[in-house]
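Undergrad: Would you mind keeping the following structure in view while I ask a few things?
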Amino acid sequence: MPESTNVEHIMEKYGGDREALVEILRDVSHAAGYVSPEALATIAQRLGLPQSQVYSVASFYSLISLEPPGKHVIRFCQDAPCHVAGGREIWETLERELGIPFGATTPDGAWTLLTTSCIGACSVGPVMMVDDEIYGNLTPARVREILAQVGGGV
Amino acid sequence: MIRATILVSGDPQSLGRGADEVKLAIEAELSFYGLENEVEVGFGGGVTRIDMLPTVSIYPEGVIYGPVKPADGTFIVEEHLYKGRVVEHLLLPPDALVSGQLASLPAGKEGKQYAEKRVLLRRVGVVDPYSIEDYVAHDGYFALGQALTTMTPAQVLNVVRESGLQGRGGAGFPTGLKWSFVASRAEETKYVVCNADESEPGTFKDRMILEGDPHAVLEGMALAGYAVGAHEGWIYIRGEYVLSKERLEQAIHQAEELGVLGDDIMGSGFSFHIHVHAGAGAYVCGEETALLESMEGKRGTPRIRPPYPTVNGYRGLPTVVNNVETLANVPPILLNGAAWYRTLGTKSSPGTKLYTVMGDVNITGLIEVPMGITLREVVDIYAGGMKDGRAFKCAQTGGASGSIIPAALLDTPMDFSSMAEKGAALGSGALLICGEDTDVVDLAYTLVRFFKSESCGKCVPCRVGTAQMLEALDRLRQGYARSADLARLEQIAQYAREASFCGLGQAAPVPILTGLRFFREEFEARLRA
């Protein structure tokens with residue numbers, strides 16, 4: 001489906017409601033992986049808002065991406081409960097295995113490595129989300145296994 | 001014809017422990033025996049201690065198995081549903097079950113698992129969250145029906161005020177008082193907003209209610225609406241809580257079809273509509289005015305208070321903003337009365353409290369206990385003691401915005417005022433228990449890092465303060481800081497505490513300030529000579 005159709009479709013769901021701006025941006029970001037400059041312009045125009053305002057809202061929220069992400073997105077929980085459960089070691093393993101720091105995408109576009117705040121699965125920490133799946137009780141060996149398993153299809 | 005219903009616990013803790021695979025195994029085995037049209041399978045909430053998850057409950061017998069592995073699921077289908085025999089060795093041990101009795105906590109009796117007091121969680125894991133019939137069969141919408149047909153709005157408000165219910169979002173503000181501010185406003189349009197932006201690290205209590213018993217929140221909101229004169233309610237839910245949102249939307253749809261929400265509820269003439277608004281990932285939106293900004297389609301930056309939302313809330317109109325747990329307290333209060341509610345908990349903080357217990361303890365997870373239980377009781381009794389015989393060093397209460405508290409406060413009753421007297425905060429109810437080998441400086445660093453990344457950037461003390469505090473802590477952590485740096489860190493922390501615009505910035509320095517108050521020698525030990 002061409003991206004413009006996608007954006008139009010999502011906008012239709014919310015009507016022309018400016019109050020729904022955050023929800024529209026999140027849905028577009030989720031559907032297309034990110035909010036492209038073209039999508040942003042369309043949303044601004046349809047809601048009758050300046051693009052600067054739409055950009056300022058889009059850049060505020062962590063679930064709205066303005067950059068195209070890698071094929072798989074890892075969101076690692078960096079909060080205290082996971083940290084106490086051995087999070088630092090997992091953090092280092094992820095950076096080492098993928099060869100990129102947090103916030104970056106691998107040069108081949110396969111992985112984006114992000115942090116997230118608490119996803120409410122603290123009793124199985126440390127925890128990360130790979131795309132929409134939650135993985136808990138992580139160890140460095142388990143991380144390598146998951147990366148191989150998920151990345152196998154790349 | 002459906003003769004049995006199987007509920008697999010489907011909360012995030014259970015899913016992390018393989019609940020999905022268990023459900024798949026059960027479904028596969030059911031179709032192997034040709035039972036798929038006789039037995040329905042669904043996800044429920046978590047019914048017990050985390051270490052007993054996932055559970056499989058079979059109704060109408062009410063038999064509960066746990067913890068269940070996929071192979072056990074296959075076996076349960078074959079034995080229980082096909083051959084009709086209860087699988088004794090997989091049953092949930094009785095001491096892990098909820099008795100509904102008030103926990104009695106005599107000192108010195110070790111090794112005994114006490115029952116929790118479940119008021120808010122009494123239906124979680126017991127009813128199918130996708131079934132309004134289940135909810136109604138467990139007293140659901142009875143409080144609302146009673147209120148609408150036999151009580152005036154002022155009477156409803158009065159019961160809530162007399163119950164002494166305090167907001168469970170962290171601050172403990174009296175709920176009845178908040179409602180009365182909105183009820184007394186003359187505006188024709190008012191709103192009830194449920195704050196379901198649960199983002200405090202280590203807190204997942206609201207999620208358990210939303211996913212396990214969504215109708216309880218809807219009923220609480222409708223009662224709030226009736227009491228204050230609002231006809232529209234909004235649930236602002238964290239963007240990450242996809243499953244909660246789905247269950248809420250389904251519940252709203254069912255409630256409207258049944259006529260317990262919507263226009264002219266139960267023929268009483270009172271109308272109340274509820275909408276769900278999902279966030280997009282911003283911790284600061286848990287702050288009520290930032291939440292309202294976000295609901296209006298803007299950046300989630302806080303507004304100046306006063307005016308409070310009770311006067312100038314959503315769309316500039318009087319608005320009640322209550323936490324999920326607070327609202328879930330309302331139906332049982334109306335059903336059983338204020339006097340009953342006051343038999344639970346302490347004098348200043350009646351009722352029960354949900355805690356999420358994590359860290360270096362044997363049993364982690366969600367518990368519901370009367371207000372006023374001490375941290376020692378939580379650790380020794382409900383959490384099964386410290387892991388590997390480690391000594392207790394400190395606890396981090398209330399998520400990131402709470403305090404680091406030392407062993408000296410283990411016997412302080414946990415309610416809003418007793419904790420505040422000791423300079424600590426109860427907060428959201430997250431209890432991160434840390435053993436003797438915990439590095440307090442590192443813990444403070446992790447907490448401040450969280451605030452730095454979540455600062456909305458609106459005010460300088462928070463935006464710049466969190467960055468400077470983090471930098472100073474990092475230097476300290478790595479052994480580069482001198483004593484002047486530590487003094488400066490403390491000063492910046494105090495400035496941020498006093499001068500920040502909203503609760504986020506005011507909370508950000510708390511890990512440093514409480515860390516220094518109780519563990520100063522550990523900070524000093526890191527200084528460069």
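Chain labels follow the order of the structure tokens: the first chain is A, the next B, and so on; residue numbering restarts at 1 in every chain, and ligands are counted from 1 in their shown order.
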Residues of chain B no more than 7 Å from chain A, counting only C-alpha atoms: send them over as a list of chain:residue names.
TA: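 Only these qualify: B:Pro12, B:Gln13, B:Gly16, B:Ser199, B:Pro201, B:Gly202, B:Thr203, B:Phe204, B:Ala278, B:Ala280, B:Gly281, B:Ala282, B:Met295, B:Glu296, B:Gly297, B:Lys298, B:Arg299, B:Met358, B:Gly359, B:Thr364, B:Gly365, B:Leu432, B:Leu443, B:Thr446, B:Leu447, B:Phe450.
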Undergrad: Using C-alpha atoms, can you export the residues from the last selection as a compact mmCIF listing (two decimals), in the first residue's frame?
TA:
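Everything below was put into again.txt:
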```txt
# COMPACT_ATOMS: atom_id res chain seq x y z
CA PRO B 12 2.79 -9.88 31.15
CA GLN B 13 4.46 -11.86 33.95
CA GLY B 16 7.14 -13.91 30.09
CA SER B 199 5.06 4.48 33.64
CA PRO B 201 9.59 2.04 36.65
CA GLY B 202 8.75 -1.18 38.43
CA THR B 203 5.06 -0.42 38.68
CA PHE B 204 2.57 -2.63 36.90
CA ALA B 278 -3.70 6.14 24.02
CA ALA B 280 2.70 7.69 22.65
CA GLY B 281 5.51 7.09 25.10
CA ALA B 282 6.28 9.88 27.55
CA MET B 295 -5.10 14.45 25.38
CA GLU B 296 -5.62 17.73 23.57
CA GLY B 297 -3.12 16.66 20.89
CA LYS B 298 -0.15 18.67 22.12
CA ARG B 299 3.31 18.04 23.53
CA MET B 358 10.96 -6.78 42.89
CA GLY B 359 14.65 -7.18 43.42
CA THR B 364 8.57 -11.11 43.17
CA GLY B 365 5.28 -9.83 41.85
CA LEU B 432 12.53 -2.57 44.68
CA LEU B 443 21.44 2.92 41.77
CA THR B 446 20.40 4.72 37.04
CA LEU B 447 17.43 6.57 38.52
CA PHE B 450 15.83 7.83 33.76
```
Undergrad: Quick one: everything within 7 Å of B:Thr514, counting only C-alpha atoms, minus sequence neighbours fewer than 4 positions away in the same chain. Send it as a VMD selection string.
TA: chain B and resid 403 to 404 510 518
Undergrad: Extract the full set of strand (DSSP E or B) residues from stretch 8-130 of chain A according to DSSP on the backbone, and format it as JSON, numbers by chain.
TA: {"A": [72, 73, 74, 75, 76, 77, 105, 111, 112, 113, 114, 115, 116, 128, 129, 130]}
Undergrad: Next, dump the selected residues to file, keeping only C-alpha atoms, as a short mmCIF file (atom, residue, chain, number, x, y, z; two decimals), in the first residue's frame.
TA:
```cif
data_model
loop_
_atom_site.label_atom_id
_atom_site.label_comp_id
_atom_site.auth_asym_id
_atom_site.auth_seq_id
_atom_site.Cartn_x
_atom_site.Cartn_y
_atom_site.Cartn_z
CA HIS A 72 14.17 -5.20 13.62
CA VAL A 73 13.89 -2.81 16.52
CA ILE A 74 15.24 -3.73 19.94
CA ARG A 75 13.92 -1.76 22.91
CA PHE A 76 15.91 -2.56 26.00
CA CYS A 77 14.59 -1.58 29.42
CA THR A 105 20.96 1.48 13.45
CA TRP A 111 18.87 -3.65 13.63
CA THR A 112 17.93 -0.52 15.53
CA LEU A 113 18.98 -0.48 19.16
CA LEU A 114 16.86 1.67 21.46
CA THR A 115 16.16 1.91 25.15
CA THR A 116 12.71 2.02 26.62
CA MET A 128 13.82 -6.27 26.13
CA MET A 129 11.31 -5.99 23.35
CA VAL A 130 12.31 -7.16 19.89
#
```
Undergrad: Quick one: residues within 9 Å of A:Gly33, only C-alpha atoms counted, chain neighbours fewer than 5 positions away excluded, as an NGL selection string?
TA: :A and (28 or 64-70)
Undergrad: Can you pull out every residue within 8 Å of A:Leu40, counting only C-alpha atoms, but drop anything in the same chain fewer than 5 positions away, and send it as a list in words?
TA: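 Counting only C-alpha atoms, the residues come to Val35, Gln51, Val54 and Tyr55 of chain A.
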Undergrad: Would you mind telling me which residue in B:Pro70, B:Pro129, B:Gly313, B:Gly262 lies nearest to B:Thr189 when using only C-alpha atoms?
TA: B:Gly313
Undergrad: Using only C-alpha atoms, find the one residue out of B:Gly351, B:Gly233, B:Pro214, B:Gly84 that sits nearest to B:Tyr314.
TA: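 Ranking B:Gly351, B:Gly233, B:Pro214, B:Gly84 by distance to B:Tyr314, first place goes to B:Gly233.
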Undergrad: When DSSP is applied to the backbone of this structure, which of stretch 149-321 of chain B are assigned helix (DSSP H, G or I)? Write them out as an MDAnalysis selection string.
TA: chainID B and resid 149:150 153:163 175:183 205:212 214:228 242:258 265:267 283:286 288:295 314:316
